[in-house]
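Comments concern the structure below.
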Amino acid sequence: ISDILSMGKKIISTKVFIIENHFLPGVFIARSYQDCIVTLNLVSGKTFYDEKILYAFLNGNMREFRVWNPFRSKIAASILAGIRSIYIKPGSTILYLGCSTGTTVSYCSDIIGKKGIVFAVEFSRTCFNQLLHISTIRKNIVPILEDVRFPNRYKMLIPLVDTIIMDISQPDQSRILGLNALFFLRYCGNFLLSLKISNIDTMTPKEITISKEIHKLSKLGFLIKEQISLEPYEKEHVILNGVYINR
């Protein structure tokens, strides 16, 4: 199994590696002198930020995989940090709040496949333009240019979803997550919340800040299952995940 470059009609093998299934659905491990996590490219031949492409046989067919860089995606960082569930799987309906240019959204698109859908909400028009470009190629991404603080503005566009992913830099992001969950997250649905601790409270020790956020989330109906530090990939960041039981 090799990393293959196509030069005209010539196929050149450059590096030997082995593809293994990760325990998370839709995620794979590329074993070589440097292991990495990869996803099966939903749109073969298309890349979005010059990510590395690997080719390998899967179920008897040559397939294309995209390397998932943990320094550019907090979900990838959480996987390498040992998270047990990201609540993204084939066929899932995802609401992604604060998706920036769509780098991580594109990997969610790979995992959920053609039967899944991800609603991607972004407020910055500059970032949204890049997200819009990705969505023209990946048909399971629905881009929405809106402010996540006001879910009533886009409630007519989104059905109940299986999972909400939030990655915004706001001091009241727990409240914003709770508000969006009231509108869109099904009962016993799941969530992933990226917390940048320095954006919440710079004067309090980070352990206390995280504890306060967990308490806020509990009062909003979220049951926390995991707390994962993203260091060394992201400083002052943790991922919280769990279940919504407020309906």
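Here, A, B, ... name the chains of the structure tokens in the order displayed, residue numbers run from 1 inside each chain, and ligands are numbered from 1 in the same displayed order.
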
Notebook entry, point to check: What's the 7 Å shell around Gly91 (chain A), counting only C-alpha atoms, without same-chain residues fewer than 5 positions away, as a VMD selection string?
Noted result: chain A and resid 112 to 113 115 to 116

Item checked: Shell around region 117-121 of chain A at 8 Å using only C-alpha atoms, local window under 6 positions removed, as a PyMOL selection string -> chain A and resi 91-99+105+108-109+140-148+158

Next item on the list: Check the smallest atom-to-atom distance from each of A:Arg125, A:Asn180, A:Val238, A:Ile134 to Arg153 (chain A) using only C-alpha atoms, then report the winner.
Entry: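 Smallest distance to Arg153 (chain A) is found for A:Asn180.
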
Next item on the list: Find, counting only C-alpha atoms, the residue in A:Thr39, A:Gln34, A:Thr209, A:Ser100 that gets nearest to Phe123 (chain A).
Entry: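 Nearest candidate to Phe123 (chain A) out of A:Thr39, A:Gln34, A:Thr209, A:Ser100: A:Ser100.
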
Checklist line | Proximity to Leu230 (chain A) - best of A:Lys46, A:His133, A:Lys114, A:Lys196, only C-alpha atoms | finding: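 Ranking A:Lys46, A:His133, A:Lys114, A:Lys196 by distance to Leu230 (chain A), first place goes to A:Lys196.
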
Item checked: DSSP helix (DSSP H, G or I) selection over region 2-247 of chain A, as a ChimeraX atom specification -> /A:74-80,103-112,125-137,151-153,155-157,173-184,197-200,206-219

Notebook entry, point to check: Between A:Tyr244, A:Tyr55, A:Phe65, A:Phe150, which has the minimum distance to Asn190 (chain A) (counting only C-alpha atoms)?
Noted result: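 Among the listed residues, the smallest separation from Asn190 (chain A) belongs to A:Tyr244.
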
Check: Where does DSSP see strand (DSSP E) in region 105-240 of chain A, if you list the residues as a ChimeraX atom specification?
Finding: /A:117-122,141-145,161-166,185-196,222-229,237-240

Next item on the list: Rank A:Leu223, A:Ile137, A:Ala81, A:Leu195 by their smallest atom-to-atom distance to Met166 (chain A), using only C-alpha atoms, and report the top residue only.
Entry: A:Leu195

Note to self: Measuring between only C-alpha atoms, which one of A:Asp201, A:Glu207, A:Glu51, A:Glu226 shows the shortest distance to Ile86 (chain A)?
What the structure shows: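 Looking only at the distances to Ile86 (chain A), the closest residue turns out to be A:Glu226.
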
Next item on the list: List the neighbours of Asp50 (chain A) out to 12 Å using only C-alpha atoms; skip same-chain residues closer than 4 positions along the sequence, and give me the result as a list in words.
Entry: Gly45, Lys46, Arg66, Val67, Trp68, Asn69, Arg72 and Thr103 of chain A

Would you mind listing what lies within 10 Å of Gln170 (chain A) as a PDB file with N, CA, C and O atoms, in the first residue's frame, with only C-alpha atoms counted and same-chain residues fewer than 4 positions away left out?
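As a result, around_36.pdb now contains:
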```pdb
ATOM      1  N   ARG A 149     -25.499  33.717  17.692  1.00  0.00           N
ATOM      2  CA  ARG A 149     -26.159  34.205  18.907  1.00  0.00           C
ATOM      3  C   ARG A 149     -27.661  34.363  18.717  1.00  0.00           C
ATOM      4  O   ARG A 149     -28.401  34.518  19.702  1.00  0.00           O
ATOM      5  N   SER A 174     -21.340  28.983  26.283  1.00  0.00           N
ATOM      6  CA  SER A 174     -22.202  27.941  26.850  1.00  0.00           C
ATOM      7  C   SER A 174     -23.673  28.326  26.707  1.00  0.00           C
ATOM      8  O   SER A 174     -24.519  27.492  26.365  1.00  0.00           O
ATOM      9  N   ARG A 175     -23.978  29.597  26.962  1.00  0.00           N
ATOM     10  CA  ARG A 175     -25.355  30.081  26.785  1.00  0.00           C
ATOM     11  C   ARG A 175     -25.783  29.988  25.325  1.00  0.00           C
ATOM     12  O   ARG A 175     -26.919  29.581  25.018  1.00  0.00           O
ATOM     13  N   ILE A 176     -24.879  30.335  24.406  1.00  0.00           N
ATOM     14  CA  ILE A 176     -25.194  30.277  22.977  1.00  0.00           C
ATOM     15  C   ILE A 176     -25.451  28.837  22.541  1.00  0.00           C
ATOM     16  O   ILE A 176     -26.372  28.554  21.763  1.00  0.00           O
ATOM     17  N   LEU A 195     -13.738  24.994  24.057  1.00  0.00           N
ATOM     18  CA  LEU A 195     -13.617  26.127  24.969  1.00  0.00           C
ATOM     19  C   LEU A 195     -12.212  26.711  24.887  1.00  0.00           C
ATOM     20  O   LEU A 195     -11.231  25.992  25.104  1.00  0.00           O
ATOM     21  N   LYS A 196     -12.118  28.007  24.560  1.00  0.00           N
ATOM     22  CA  LYS A 196     -10.853  28.715  24.674  1.00  0.00           C
ATOM     23  C   LYS A 196     -10.878  29.435  26.011  1.00  0.00           C
ATOM     24  O   LYS A 196     -11.572  30.443  26.182  1.00  0.00           O
ATOM     25  N   ASN A 199     -10.542  33.245  26.643  1.00  0.00           N
ATOM     26  CA  ASN A 199     -11.632  34.112  26.188  1.00  0.00           C
ATOM     27  C   ASN A 199     -12.757  34.208  27.210  1.00  0.00           C
ATOM     28  O   ASN A 199     -13.636  35.061  27.086  1.00  0.00           O
ATOM     29  N   ILE A 200     -12.756  33.304  28.177  1.00  0.00           N
ATOM     30  CA  ILE A 200     -13.826  33.278  29.173  1.00  0.00           C
ATOM     31  C   ILE A 200     -13.431  34.057  30.416  1.00  0.00           C
ATOM     32  O   ILE A 200     -14.171  34.910  30.906  1.00  0.00           O
TER      33      ILE A 200
END
```

Next item on the list: Can you pull out every residue within 9 Å of Gly221 (chain A), counting only C-alpha atoms, but drop anything in the same chain fewer than 4 positions away, and send it as a PyMOL selection string?
Entry: chain A and resi 178+217+243-247

Could the residues in this selection be written to a file with N, CA and C atoms, as a PDB file, in the first residue's frame?
```pdb
ATOM      1  N   GLY A 178     -26.582  26.432  24.487  1.00  0.00           N
ATOM      2  CA  GLY A 178     -27.873  26.057  25.043  1.00  0.00           C
ATOM      3  C   GLY A 178     -29.037  26.601  24.233  1.00  0.00           C
ATOM      4  N   LEU A 217     -23.356  24.462  31.787  1.00  0.00           N
ATOM      5  CA  LEU A 217     -23.898  23.522  30.808  1.00  0.00           C
ATOM      6  C   LEU A 217     -24.863  22.535  31.457  1.00  0.00           C
ATOM      7  N   VAL A 243     -24.232  14.662  26.195  1.00  0.00           N
ATOM      8  CA  VAL A 243     -25.598  14.389  25.746  1.00  0.00           C
ATOM      9  C   VAL A 243     -26.507  15.522  26.207  1.00  0.00           C
ATOM     10  N   TYR A 244     -27.505  15.827  25.382  1.00  0.00           N
ATOM     11  CA  TYR A 244     -28.496  16.852  25.718  1.00  0.00           C
ATOM     12  C   TYR A 244     -29.769  16.174  26.206  1.00  0.00           C
ATOM     13  N   ILE A 245     -30.198  16.508  27.410  1.00  0.00           N
ATOM     14  CA  ILE A 245     -31.341  15.809  28.029  1.00  0.00           C
ATOM     15  C   ILE A 245     -32.400  16.809  28.521  1.00  0.00           C
ATOM     16  N   ASN A 246     -32.515  17.940  27.840  1.00  0.00           N
ATOM     17  CA  ASN A 246     -33.391  19.009  28.325  1.00  0.00           C
ATOM     18  C   ASN A 246     -34.771  18.995  27.703  1.00  0.00           C
ATOM     19  N   ARG A 247     -35.060  18.123  26.744  1.00  0.00           N
ATOM     20  CA  ARG A 247     -36.385  18.159  26.074  1.00  0.00           C
ATOM     21  C   ARG A 247     -37.392  17.315  26.849  1.00  0.00           C
TER      22      ARG A 247
END
```

Notebook entry, point to check: Neighbours of Leu80 (chain A) within 12 Å (only C-alpha atoms; same-chain residues fewer than 5 positions away dropped), as a list in words?
Noted result: His22, Leu24, Val27, Phe28, Ile29, Asp35, Cys36, Ile37, Val38, Trp68, Asn69, Pro70, Phe71, Ser73, Lys74, Ile75, Ser85, Ile86, Ile228, Ser229, Leu230, Glu231, Pro232, Tyr233 and Glu234 of chain A
